[in-house]
Protein chains: 2
Amino acid sequence: MTNDTHRPLTLRDVSEATGVSEMTVSRVLRNRGDVSDKTREKVLAAAKELGYVPNKIAGALASSRVNLVGVIIPSLSNMVFPEVLTGINRVLENTDLQPVVGVTDYQPEKEEKVLYEMLSWRPSGVIIAGLEHSDACRAMLSAAGIPVVEIMDTDGKPVDAMVGISHRRAGREMAKAILKAGYEHIGFLGTKMPLDHRARKRFEGFTEALAKEGVEIEDRAFYSGGSALAKGREMTRDMLDRSPDLDFLYYSNDMIGAGGLLHLMDQKVDVPGEIGLAGFNGVELLDGLPRRLATMDACRQEIGRKAAEIIALRLDNPEAEIEKNVTLVPTIDYGDTLKRW
Amino acid sequence: MTNDTHRPLTLRDVSEATGVSEMTVSRVLRNRGDVSDKTREKVLAAAKELGYVPNKIAGALASSRVNLVGVIIPSLSNMVFPEVLTGINRVLENTDLQPVVGVTDYQPEKEEKVLYEMLSWRPSGVIIAGLEHSDACRAMLSAAGIPVVEIMDTDGKPVDAMVGISHRRAGREMAKAILKAGYEHIGFLGTKMPLDHRARKRFEGFTEALAKEGVEIEDRAFYSGGSALAKGREMTRDMLDRSPDLDFLYYSNDMIGAGGLLHLMDQKVDVPGEIGLAGFNGVELLDGLPRRLATMDACRQEIGRKAAEIIALRLDNPEAEIEKNVTLVPTIDYGDTLKRW
DNA sequence: ATGAAAGCGCTAACAT
DNA sequence: ATGTTAGCGCTTTCAT
């Protein structure tokens with residue numbers, strides 16, 4: 001309670017206050033080795049009294065152990081990644097590891113910068129979204145010599161391990177379900193994000209499965225910025241103005257899908273009879289809508305949990321055999337907007 | 001490209017590869033001091049070739065400078081804090097500071113732990129949500145000797161500086177607007193979070209302003225967990241079953257308010273004629289709903305930006321006179337669910 | 001059960 | 001423009 005000089009306290013201060021060597025103080029503070037109860041108590045009391053906070057920078061340098069796990073994600077603004085983070089947190093909470101988050105805004109250059117910064121803190125592991133990275137990123141990741149888990153997507157080859165779903169398959173499955181339900185004139189609505197590889201892969205899987213049955217997408221639209229719900233309304237209205245024959249709309253995310261649904265309900269359109277709808281992600285929000293949008297769960301929390309488990313396990317036992325490819329399989333939730341056949 | 005031993009590279013490796021002293025290599029890598037172009041290029045080439053990533057742990061220890069800003073928030077799961085983070089990021093992007101986020105789940109013990117962990121990395125500043133902290137937290141914050149900005153709320157006394165809005169005032173203003181519009185039988189719907197002090201203060205301000213006009217809340221309900229939109233529907237239905245005379249519902253957040261709105265629209269209730277509604281936060285989502293819920297913007301991005309600016313400014317010039325109390329004043333957005341008088 | 005010495009990888013400060 | 005020296009605050013290792 002008395003640190004007049006505004007210099008942060010060091011072990012030495014605690015040592016001097018107690019007459020115990022720095023080394024023993026360090027032992028007490030880390031619960032290491034044998035320390036007599038008497039000394040332990042004296043040290044703990046002094047540390048608390050002084051308000052000593054250990055310096056992890058020095059500790060990490062001396063021990064070359066850093067209890068940090070770098071987590072690199074493209075965005076915080078659509079609930080998908082916060083949920084992944086929650087999953088990661090849940091697992092790391094029970095270890096002495098701490099997540100440190102970096103955001104790339106879907107920009108490869110920024111990803112490179114964020115990764116570089118992160119690695120310069122010598123974390124014990126890295127969890128990074130996506131499988132598409134610059135050569136430099138891949139090089140840094142392998143050179144780091146630490147466990148690396150690439151998450152969200154499993155359509156590709158990871159540097160080390162990967163946990164996610166196949167977005168191509170997700171797109172294909174949805175296309176099959178739509179065709180099976182008898183829809184034939186299909187429109188696609190998505191985000192204008194050339195660098196969102198997962199959205200791209202869903203789209204590719206989707207068109208590919210349609211093509212296999214001789215069906216082609218008849219209209220498409222992409223948006224960027226603004227409220228997804230509002231954009232979903234607008235885009236849906238515009239698309240149906242333009243292409244009144246469409247009988248199904250596939251949205252690249254649930255929020256724009258929900259906007260579309262609200263628009264069609266306003267218009268008293270028969271959903272899913274006249275027009276069917278489906279989105280992607282399985283967001284919680286959908287539960288509160290007047291009708292439940294058909295969707296597919298992206299397994300966000302589970303991906304976070306599994307990825308964190310892999311890191312934790314590896315650090316605990318570097319020799320352990322570990323699954324390098326964890327592909328979760330989401331199922332279609334038909335909700336109320338996609339006819340069942 | 002050739003690091004066979006899996007030891008991370010050091011300055012010394014670059015030094016040996018180039019025949020330039022470690023010190024000069026260090027200068028090149030940090031763009032410090034005078035280095036000849038020839039040497040600079042040689043060093044940069046070697047560093048890149050080897051794939052050298054500086055060790056910030058060692059750098060920070062040697063220079064006692066850590067370009068980290070700790071950001072401590074209660075939750076990632078309701079879009080409020082991700083938006084604050086976005087504001088913080090926007091500002092710190094243009095500096096050499098890096099945010100590091102810790103999440104407390106609204107638990108004081110966890111806040112203490114997260115703060116302790118954070119401070120043990122000796123960050124250059126801290127941004128922390130709320131003004132209510134344990135004595136231990138307040139002690140740590142003042143002892144750290146770094147700029148501290150408490151955000152979101154300005155109803156109280158900060159350790160150092162604060163940026164936010166007055167939630168008490170927000171509640172009062174909304175109460176006044178509701179009374180002015182002629183509503184008289186008011187219900188309140190909120191979250192079951194005794195530790196969400198900002199929600200509590202809004203509630204207090206709200207009831208206080210009602211009381212001043214001799215009005216009391218006639219019914220109230222609190223929820224926890226689940227989809228806020230769905231809960232808003234349920235709670236609204238239940239409350240109106242229970243208290244059919246209510247003519248206004250005040251929700252502690254926009255998501256449950258939106259749920260209530262959807263429910264009332266389903267029921268063909270005349271909003272805002274028969275029943276008025278208001279929420280809090282000004283979430284983007286509202287733009288896409290069939291009607292716009294009345295709300296009050298919580299200035300989330302701006303709070304993040306201002307807080308980060310204070311930290312950046314202080315670090316840049318510790319002497320600068322800085323505003324210690326930045327109280328933003330949100331205005332009521334009447335939307336389509338609160339009559340104007 | 002406790003202490004002393006060396007050093008983690010870098011940078012500040014001072015040479016040259 | 002470049003190099004040398006001495007730490008930063010801890011932990012590892014080895015002694016006692």
# chains A, B, ... in the order shown; residues from 1 in each chain; ligands from 1

call {"tool": "residues_around", "arguments": {"residues": "Gln301 (chain A)", "least_positions_apart": "2", "cutoff": "7 Å", "atoms": "only C-alpha atoms (C1' of nucleotides)", "output": "VMD selection string"}}
result
chain A and resid 83 to 84 86 to 87 299 303 to 305

call {"tool": "write_last_selection", "arguments": {"atoms": "N, CA and C atoms", "output": "mmCIF file, in the first residue's frame"}}
result
data_model
loop_
_atom_site.group_PDB
_atom_site.id
_atom_site.type_symbol
_atom_site.label_atom_id
_atom_site.label_comp_id
_atom_site.auth_asym_id
_atom_site.auth_seq_id
_atom_site.Cartn_x
_atom_site.Cartn_y
_atom_site.Cartn_z
ATOM 1 N N GLU A 83 -18.732 -15.897 -31.014
ATOM 2 C CA GLU A 83 -19.147 -17.212 -30.511
ATOM 3 C C GLU A 83 -18.006 -18.221 -30.534
ATOM 4 N N VAL A 84 -17.192 -18.129 -31.560
ATOM 5 C CA VAL A 84 -16.014 -18.996 -31.603
ATOM 6 C C VAL A 84 -15.119 -18.682 -30.408
ATOM 7 N N THR A 86 -15.962 -17.488 -27.591
ATOM 8 C CA THR A 86 -16.580 -18.020 -26.377
ATOM 9 C C THR A 86 -16.212 -19.484 -26.202
ATOM 10 N N GLY A 87 -16.273 -20.235 -27.287
ATOM 11 C CA GLY A 87 -15.891 -21.648 -27.215
ATOM 12 C C GLY A 87 -14.434 -21.809 -26.793
ATOM 13 N N CYS A 299 -21.669 -24.487 -36.363
ATOM 14 C CA CYS A 299 -20.937 -25.135 -35.267
ATOM 15 C C CYS A 299 -19.888 -24.231 -34.638
ATOM 16 N N ILE A 303 -16.435 -25.412 -32.749
ATOM 17 C CA ILE A 303 -15.162 -25.226 -33.443
ATOM 18 C C ILE A 303 -14.155 -24.579 -32.498
ATOM 19 N N GLY A 304 -14.597 -23.564 -31.796
ATOM 20 C CA GLY A 304 -13.713 -22.893 -30.847
ATOM 21 C C GLY A 304 -13.219 -23.853 -29.774
ATOM 22 N N ARG A 305 -14.134 -24.628 -29.250
ATOM 23 C CA ARG A 305 -13.772 -25.559 -28.179
ATOM 24 C C ARG A 305 -12.756 -26.584 -28.666
#

call {"tool": "select_by_dssp", "arguments": {"residues": "region 17-200 of chain B", "states": "strand (DSSP E or B)", "output": "ChimeraX atom specification"}}
result
/B:68-73,98-103,125-129,148-153,161-165,186-191

call {"tool": "residues_around", "arguments": {"residues": "Pro108 (chain A)", "least_positions_apart": "3", "cutoff": "8 Å", "atoms": "only C-alpha atoms (C1' of nucleotides)", "output": "ChimeraX atom specification"}}
result
/A:104,111-112,133-134

call {"tool": "write_last_selection", "arguments": {"atoms": "C-alpha atoms", "output": "tab-separated table (two decimals), in the first residue's frame"}}
result
chain	number	residue	atom	x	y	z
A	104	THR	CA	-7.76	-8.90	-39.79
A	111	GLU	CA	-3.46	-10.80	-41.46
A	112	GLU	CA	0.23	-10.86	-42.16
A	133	HIS	CA	-3.10	-17.44	-46.10
A	134	SER	CA	-0.26	-15.70	-47.88

call {"tool": "interface_residues", "arguments": {"of": "chain A", "to": "chain D", "cutoff": "8 Å", "atoms": "only C-alpha atoms (C1' of nucleotides)", "output": "PyMOL selection string"}}
result
chain A and resi 10-11+55+58-63

call {"tool": "interface_residues", "arguments": {"of": "chain C", "to": "chain B", "cutoff": "7 Å", "atoms": "only C-alpha atoms (C1' of nucleotides)", "output": "list in words"}}
result
DG9, DC10 and DT11 of chain C

call {"tool": "write_last_selection", "arguments": {"atoms": "N, CA, C and O atoms (P, O5', C5', C4', C3', O3' and C1' of nucleotides)", "output": "PDB file, in the first residue's frame"}}
result
ATOM      1  P    DG C   9      17.398 -16.715 -26.097  1.00  0.00           P
ATOM      2  O5'  DG C   9      17.075 -15.256 -26.625  1.00  0.00           O
ATOM      3  C5'  DG C   9      15.726 -14.827 -26.710  1.00  0.00           C
ATOM      4  C4'  DG C   9      15.716 -13.328 -26.853  1.00  0.00           C
ATOM      5  C3'  DG C   9      16.551 -12.803 -28.025  1.00  0.00           C
ATOM      6  O3'  DG C   9      15.730 -11.917 -28.748  1.00  0.00           O
ATOM      7  C1'  DG C   9      17.095 -11.655 -26.052  1.00  0.00           C
ATOM      8  P    DC C  10      16.171 -11.134 -30.018  1.00  0.00           P
ATOM      9  O5'  DC C  10      16.219  -9.645 -29.490  1.00  0.00           O
ATOM     10  C5'  DC C  10      15.144  -8.859 -29.266  1.00  0.00           C
ATOM     11  C4'  DC C  10      15.407  -7.933 -28.106  1.00  0.00           C
ATOM     12  C3'  DC C  10      16.007  -6.591 -28.476  1.00  0.00           C
ATOM     13  O3'  DC C  10      14.930  -5.710 -28.788  1.00  0.00           O
ATOM     14  C1'  DC C  10      16.875  -7.451 -26.402  1.00  0.00           C
ATOM     15  P    DT C  11      15.262  -4.371 -29.542  1.00  0.00           P
ATOM     16  O5'  DT C  11      15.750  -3.408 -28.361  1.00  0.00           O
ATOM     17  C5'  DT C  11      14.848  -3.080 -27.324  1.00  0.00           C
ATOM     18  C4'  DT C  11      15.544  -2.162 -26.342  1.00  0.00           C
ATOM     19  C3'  DT C  11      16.049  -0.863 -26.943  1.00  0.00           C
ATOM     20  O3'  DT C  11      15.888   0.117 -25.928  1.00  0.00           O
ATOM     21  C1'  DT C  11      17.847  -2.011 -25.985  1.00  0.00           C
TER      22       DT C  11
END

call {"tool": "residues_around", "arguments": {"residues": "region 13-18 of chain A", "least_positions_apart": "5", "cutoff": "7 Å", "atoms": "only C-alpha atoms (C1' of nucleotides)", "output": "list in words"}}
result
Val25, Lys42, Val43, Ala46 and Ala47 of chain A

call {"tool": "residues_around", "arguments": {"residues": "Gly33 (chain A)", "least_positions_apart": "5", "cutoff": "10 Å", "atoms": "only C-alpha atoms (C1' of nucleotides)", "output": "VMD selection string"}}
result
(chain A and resid 24 27 to 28) or (chain C and resid 1)

call {"tool": "residues_around", "arguments": {"residues": "Gln98 (chain B)", "least_positions_apart": "4", "cutoff": "7 Å", "atoms": "only C-alpha atoms (C1' of nucleotides)", "output": "list in words"}}
result
Asn67, Leu68, Val69 and Leu92 of chain B

call {"tool": "interface_residues", "arguments": {"of": "chain A", "to": "chain B", "cutoff": "7 Å", "atoms": "only C-alpha atoms", "output": "ChimeraX atom specification"}}
result
/A:6,8,53-58,61,76-77,82,100-101,120-122,144-145,227,229-230,259,284-285,287-288

call {"tool": "write_last_selection", "arguments": {"atoms": "N, CA, C and O atoms", "output": "short mmCIF file (atom, residue, chain, number, x, y, z; two decimals), in the first residue's frame"}}
result
data_model
loop_
_atom_site.label_atom_id
_atom_site.label_comp_id
_atom_site.auth_asym_id
_atom_site.auth_seq_id
_atom_site.Cartn_x
_atom_site.Cartn_y
_atom_site.Cartn_z
N HIS A 6 6.92 6.04 -8.45
CA HIS A 6 5.99 5.32 -9.31
C HIS A 6 6.65 4.30 -10.21
O HIS A 6 6.30 4.12 -11.37
N PRO A 8 7.06 0.38 -10.94
CA PRO A 8 6.38 -0.87 -10.58
C PRO A 8 7.25 -1.68 -9.65
O PRO A 8 8.48 -1.66 -9.75
N VAL A 53 2.61 -6.98 -8.32
CA VAL A 53 2.08 -7.73 -9.46
C VAL A 53 3.28 -8.24 -10.25
O VAL A 53 4.10 -7.45 -10.70
N PRO A 54 3.42 -9.55 -10.40
CA PRO A 54 4.61 -10.09 -11.07
C PRO A 54 4.76 -9.54 -12.47
O PRO A 54 3.77 -9.18 -13.10
N ASN A 55 5.94 -9.50 -12.96
CA ASN A 55 6.20 -9.04 -14.31
C ASN A 55 6.36 -10.24 -15.22
O ASN A 55 7.38 -10.92 -15.23
N LYS A 56 5.31 -10.50 -15.99
CA LYS A 56 5.32 -11.68 -16.85
C LYS A 56 6.30 -11.55 -17.99
O LYS A 56 6.70 -12.54 -18.60
N ILE A 57 6.62 -10.32 -18.33
CA ILE A 57 7.58 -10.11 -19.42
C ILE A 57 8.90 -10.71 -19.00
O ILE A 57 9.51 -11.50 -19.72
N ALA A 58 9.35 -10.34 -17.81
CA ALA A 58 10.61 -10.89 -17.31
C ALA A 58 10.50 -12.39 -17.11
O ALA A 58 11.41 -13.15 -17.45
N LEU A 61 10.64 -14.20 -20.40
CA LEU A 61 11.97 -14.18 -21.00
C LEU A 61 12.88 -15.19 -20.30
O LEU A 61 13.61 -15.94 -20.94
N LEU A 76 -15.12 -8.92 -35.89
CA LEU A 76 -15.86 -9.10 -34.63
C LEU A 76 -17.30 -8.70 -34.82
O LEU A 76 -18.09 -8.75 -33.89
N SER A 77 -17.65 -8.32 -36.05
CA SER A 77 -18.92 -7.61 -36.19
C SER A 77 -20.09 -8.46 -36.67
O SER A 77 -21.08 -7.92 -37.08
N PRO A 82 -17.31 -13.85 -32.29
CA PRO A 82 -17.47 -13.82 -30.84
C PRO A 82 -17.90 -15.18 -30.28
O PRO A 82 -17.45 -15.59 -29.22
N VAL A 100 -5.26 -14.40 -26.86
CA VAL A 100 -5.02 -13.01 -27.28
C VAL A 100 -5.56 -12.88 -28.69
O VAL A 100 -5.17 -13.65 -29.57
N VAL A 101 -6.45 -11.94 -28.89
CA VAL A 101 -7.17 -11.89 -30.15
C VAL A 101 -6.62 -10.83 -31.10
O VAL A 101 -6.28 -9.72 -30.68
N SER A 120 5.58 -12.30 -32.48
CA SER A 120 6.70 -11.64 -31.83
C SER A 120 6.55 -11.67 -30.30
O SER A 120 7.49 -11.40 -29.58
N TRP A 121 5.37 -12.05 -29.83
CA TRP A 121 5.20 -12.26 -28.39
C TRP A 121 5.43 -13.73 -28.03
O TRP A 121 5.21 -14.15 -26.91
N ARG A 122 5.83 -14.50 -28.97
CA ARG A 122 6.16 -15.91 -28.75
C ARG A 122 5.07 -16.69 -28.02
O ARG A 122 5.31 -17.29 -26.97
N ALA A 144 7.29 -21.08 -36.68
CA ALA A 144 7.11 -20.75 -35.27
C ALA A 144 7.34 -21.96 -34.36
O ALA A 144 7.69 -21.81 -33.18
N GLY A 145 7.16 -23.15 -34.92
CA GLY A 145 7.41 -24.34 -34.11
C GLY A 145 6.44 -24.50 -32.96
O GLY A 145 6.80 -25.01 -31.89
N SER A 227 -27.02 -2.27 -42.34
CA SER A 227 -27.68 -3.27 -41.52
C SER A 227 -28.05 -4.46 -42.38
O SER A 227 -28.76 -4.33 -43.37
N LEU A 229 -30.03 -6.85 -41.89
CA LEU A 229 -31.46 -7.12 -41.93
C LEU A 229 -32.13 -6.20 -42.97
O LEU A 229 -32.91 -6.65 -43.81
N ALA A 230 -31.78 -4.92 -42.92
CA ALA A 230 -32.37 -3.96 -43.85
C ALA A 230 -31.94 -4.29 -45.28
O ALA A 230 -32.73 -4.25 -46.22
N GLY A 259 -34.01 -10.70 -43.09
CA GLY A 259 -34.55 -9.49 -43.72
C GLY A 259 -35.48 -9.86 -44.87
O GLY A 259 -36.58 -9.31 -45.01
N GLU A 284 -28.91 -17.46 -33.28
CA GLU A 284 -29.88 -17.55 -32.21
C GLU A 284 -31.09 -16.65 -32.47
O GLU A 284 -32.22 -16.99 -32.17
N LEU A 285 -30.78 -15.54 -33.08
CA LEU A 285 -31.80 -14.55 -33.40
C LEU A 285 -33.02 -15.16 -34.07
O LEU A 285 -34.16 -14.78 -33.81
N ASP A 287 -34.68 -17.65 -33.66
CA ASP A 287 -35.72 -18.21 -32.79
C ASP A 287 -36.83 -17.22 -32.51
O ASP A 287 -37.95 -17.62 -32.19
N GLY A 288 -36.54 -15.95 -32.59
CA GLY A 288 -37.55 -14.97 -32.21
C GLY A 288 -38.38 -14.46 -33.38
O GLY A 288 -39.32 -13.72 -33.18
#

call {"tool": "residues_around", "arguments": {"residues": "region 308-317 of chain B", "least_positions_apart": "5", "cutoff": "7 Å", "atoms": "only C-alpha atoms (C1' of nucleotides)", "output": "list in words"}}
result
Ile88, Val91, Leu92, Gly125 and Pro147 of chain B

call {"tool": "closest_residue", "arguments": {"among": "A:Leu189, A:Ala298, A:Leu249, A:Ala307", "to": "Gly70 (chain A)", "atoms": "only C-alpha atoms"}}
result
A:Ala307
